[in-house]
>>> print(open('coords.txt').read())   # compact mmCIF, C-alpha atoms and all ligand atoms
# COMPACT_ATOMS: atom_id res chain seq x y z
CA MET A 837 -10.51 -23.96 -6.81
CA ASN A 838 -11.03 -24.40 -10.54
CA GLY A 839 -8.24 -26.86 -11.13
CA VAL A 840 -5.59 -24.38 -12.23
CA PRO A 841 -2.37 -25.31 -10.47
CA HIS A 842 -0.29 -22.58 -8.86
CA PRO A 843 3.13 -22.13 -10.42
CA ASP A 844 5.75 -23.11 -7.87
CA LEU A 845 8.21 -20.62 -6.42
CA GLU A 846 10.95 -21.64 -8.82
CA GLN A 847 8.71 -20.90 -11.78
CA ILE A 848 7.72 -17.55 -10.30
CA GLU A 849 11.37 -16.74 -9.74
CA ARG A 850 12.24 -17.63 -13.35
CA TYR A 851 9.29 -15.54 -14.49
CA CYS A 852 10.48 -12.52 -12.47
CA LEU A 853 14.02 -12.93 -13.78
CA GLY A 854 12.73 -13.17 -17.34
CA GLU A 855 14.16 -16.67 -17.64
CA ALA A 856 10.88 -18.52 -18.09
CA SER A 857 10.19 -20.07 -21.45
CA GLN A 858 7.58 -18.45 -23.65
CA ALA A 859 5.01 -21.13 -22.81
CA GLU A 860 5.80 -21.00 -19.12
CA GLN A 861 5.55 -17.23 -19.09
CA GLU A 862 2.18 -17.31 -20.81
CA ARG A 863 0.88 -19.93 -18.39
CA ILE A 864 2.02 -17.89 -15.39
CA GLU A 865 0.60 -14.63 -16.75
CA GLU A 866 -2.72 -16.32 -17.38
CA HIS A 867 -2.67 -17.68 -13.87
CA LEU A 868 -1.81 -14.31 -12.36
CA LEU A 869 -4.97 -12.85 -13.87
CA ILE A 870 -7.09 -15.11 -11.73
CA CYS A 871 -4.91 -15.67 -8.69
CA GLU A 872 -4.26 -12.88 -6.24
CA HIS A 873 -2.11 -15.13 -4.09
CA CYS A 874 0.39 -15.68 -6.89
CA ARG A 875 0.30 -12.01 -7.85
CA SER A 876 1.50 -11.08 -4.38
CA GLN A 877 4.02 -13.91 -4.61
CA VAL A 878 5.38 -12.33 -7.81
CA GLN A 879 5.52 -8.92 -6.13
CA GLU A 880 7.44 -10.36 -3.19
CA THR A 881 9.83 -12.15 -5.50
CA ASP A 882 10.30 -8.97 -7.54
CA ALA A 883 11.09 -7.00 -4.40
CA TYR A 884 13.46 -9.72 -3.23
CA ILE A 885 15.31 -9.77 -6.54
CA ALA A 886 15.58 -5.97 -6.51
CA ALA A 887 16.93 -6.04 -2.95
CA VAL A 888 19.50 -8.68 -3.84
CA ARG A 889 20.58 -6.67 -6.88
CA ASP A 890 20.89 -3.49 -4.80
CA ALA A 891 22.94 -5.32 -2.18
CA ALA A 892 25.22 -6.74 -4.86
CA LYS A 893 25.65 -3.30 -6.38
CA GLU A 894 26.50 -1.69 -3.04
CA ALA A 895 28.92 -4.46 -2.20
CA ARG A 896 30.73 -3.84 -5.47
CA GLY A 897 30.68 -0.04 -5.56
CA THR A 898 31.60 2.47 -2.89
CA GLN A 899 29.24 5.20 -3.98
CA VAL A 900 26.65 4.44 -1.34
CA SER A 901 27.18 7.65 0.64
CA ARG A 902 27.01 9.78 -2.48
CA LYS A 903 23.89 7.97 -3.64
CA HIS A 904 22.24 8.09 -0.22
CA PRO A 905 23.48 11.24 1.53
CA HIS A 906 20.39 11.20 3.77
CA ILE A 907 21.70 8.06 5.46
CA ALA A 908 24.89 9.79 6.53
CA ARG A 909 22.95 12.86 7.63
CA SER A 910 20.37 10.99 9.68
CA SER A 911 23.11 9.12 11.52
CA GLY A 912 24.61 12.41 12.73
CA ILE A 913 27.45 12.48 10.24
CA ASN A 914 27.20 15.62 8.15
CA ASP A 915 29.62 17.83 6.29
CA ASP A 916 30.08 20.10 9.33
CA THR A 917 31.09 17.23 11.59
CA LEU A 918 33.50 15.98 9.00
CA ALA A 919 35.00 19.46 8.48
CA ASN A 920 35.67 19.94 12.21
ZN ZN B 1 -1.91 -19.12 -7.85
>>> encode(input="coords.txt", output="structure tokens")
Amino acid sequence: MNGVPHPDLEQIERYCLGEASQAEQERIEEHLLICEHCRSQVQETDAYIAAVRDAAKEARGTQVSRKHPHIARSSGINDDTLAN
């Protein structure tokens, strides 16, 4: 340890959301250069935010089957089944 404190999860979340202040963002970026642990933390948070956004989008829209036709196909529902 060289005395650089890890940003806490809230700071990482703000950073991923682009809501961190300029100074905070710089501090976190500097820290990420030297800390693999926090880099993976940022990746996980990024993935989590993306998943939450996708879920929110799918809950709002009803274009899931058009966007992901492979899901319908792999579950045995295809155009032929629907036509019969
Ligand atoms: Zn760290």
>>> closest_residue(input="coords.txt", among="A:Glu894, A:Glu860, A:Val878, A:Ile885", to="ligand ZN 1 (chain B)", atoms="all atoms listed in the file")
A:Val878
>>> atom_distance(input="coords.txt", atom1="CA of Leu845 in chain A", atom2="CA of Lys893 in chain A")
24.6 Å
>>> residues_around(input="coords.txt", residues="range 864-872 of chain A", least_positions_apart="5", cutoff="12 Å", atoms="all atoms listed in the file", output="PyMOL selection string")
chain A and resi 837-852+854+856-859+877-879
>>> atom_distance(input="coords.txt", atom1="CA of Ala892 in chain A", atom2="CA of His873 in chain A")
28.6 Å
>>> atom_distance(input="coords.txt", atom1="CA of Leu853 in chain A", atom2="CA of Arg875 in chain A")
15.0 Å
>>> closest_residue(input="coords.txt", among="A:Cys874, A:Glu855, A:Glu862, A:Tyr884", to="ligand ZN 1 (chain B)", atoms="all atoms listed in the file")
A:Cys874
>>> closest_residue(input="coords.txt", among="A:Asp882, A:Val888, A:Arg863, A:Arg896", to="ligand ZN 1 (chain B)", atoms="only C-alpha atoms and all ligand atoms")
A:Arg863
>>> closest_residue(input="coords.txt", among="A:Thr881, A:Ser876, A:Asp890, A:Gly897", to="ligand ZN 1 (chain B)", atoms="all atoms listed in the file")
A:Ser876
>>> decode(input="coords.txt", residues="range 854-890 of chain A", atoms="C-alpha atoms", output="CSV table (one decimal), in the first residue's frame")
chain,number,residue,atom,x,y,z
A,854,GLY,CA,-20.5,10.8,-15.1
A,855,GLU,CA,-21.8,12.6,-12.0
A,856,ALA,CA,-18.5,13.0,-10.2
A,857,SER,CA,-17.0,16.4,-9.9
A,858,GLN,CA,-14.0,17.3,-12.0
A,859,ALA,CA,-11.7,17.0,-9.0
A,860,GLU,CA,-13.3,13.7,-7.9
A,861,GLN,CA,-13.1,12.3,-11.5
A,862,GLU,CA,-9.4,13.2,-11.8
A,863,ARG,CA,-8.6,11.6,-8.4
A,864,ILE,CA,-10.4,8.4,-9.4
A,865,GLU,CA,-8.8,8.2,-12.8
A,866,GLU,CA,-5.4,8.7,-11.2
A,867,HIS,CA,-6.2,6.0,-8.8
A,868,LEU,CA,-7.4,3.6,-11.5
A,869,LEU,CA,-4.0,3.8,-13.2
A,870,ILE,CA,-2.4,2.2,-10.2
A,871,CYS,CA,-5.2,0.1,-8.8
A,872,GLU,CA,-6.4,-3.0,-10.6
A,873,HIS,CA,-8.9,-3.7,-7.9
A,874,CYS,CA,-10.8,-0.5,-8.5
A,875,ARG,CA,-10.5,-0.9,-12.2
A,876,SER,CA,-12.5,-4.1,-12.0
A,877,GLN,CA,-14.8,-2.4,-9.6
A,878,VAL,CA,-15.5,0.3,-12.2
A,879,GLN,CA,-16.0,-2.4,-14.9
A,880,GLU,CA,-18.5,-4.2,-12.6
A,881,THR,CA,-20.3,-1.0,-11.9
A,882,ASP,CA,-20.4,-0.1,-15.6
A,883,ALA,CA,-21.9,-3.5,-16.4
A,884,TYR,CA,-24.4,-3.1,-13.6
A,885,ILE,CA,-25.5,0.3,-14.8
A,886,ALA,CA,-25.8,-0.9,-18.4
A,887,ALA,CA,-27.9,-3.9,-17.2
A,888,VAL,CA,-30.2,-1.6,-15.1
A,889,ARG,CA,-30.6,0.7,-18.1
A,890,ASP,CA,-31.4,-2.2,-20.4
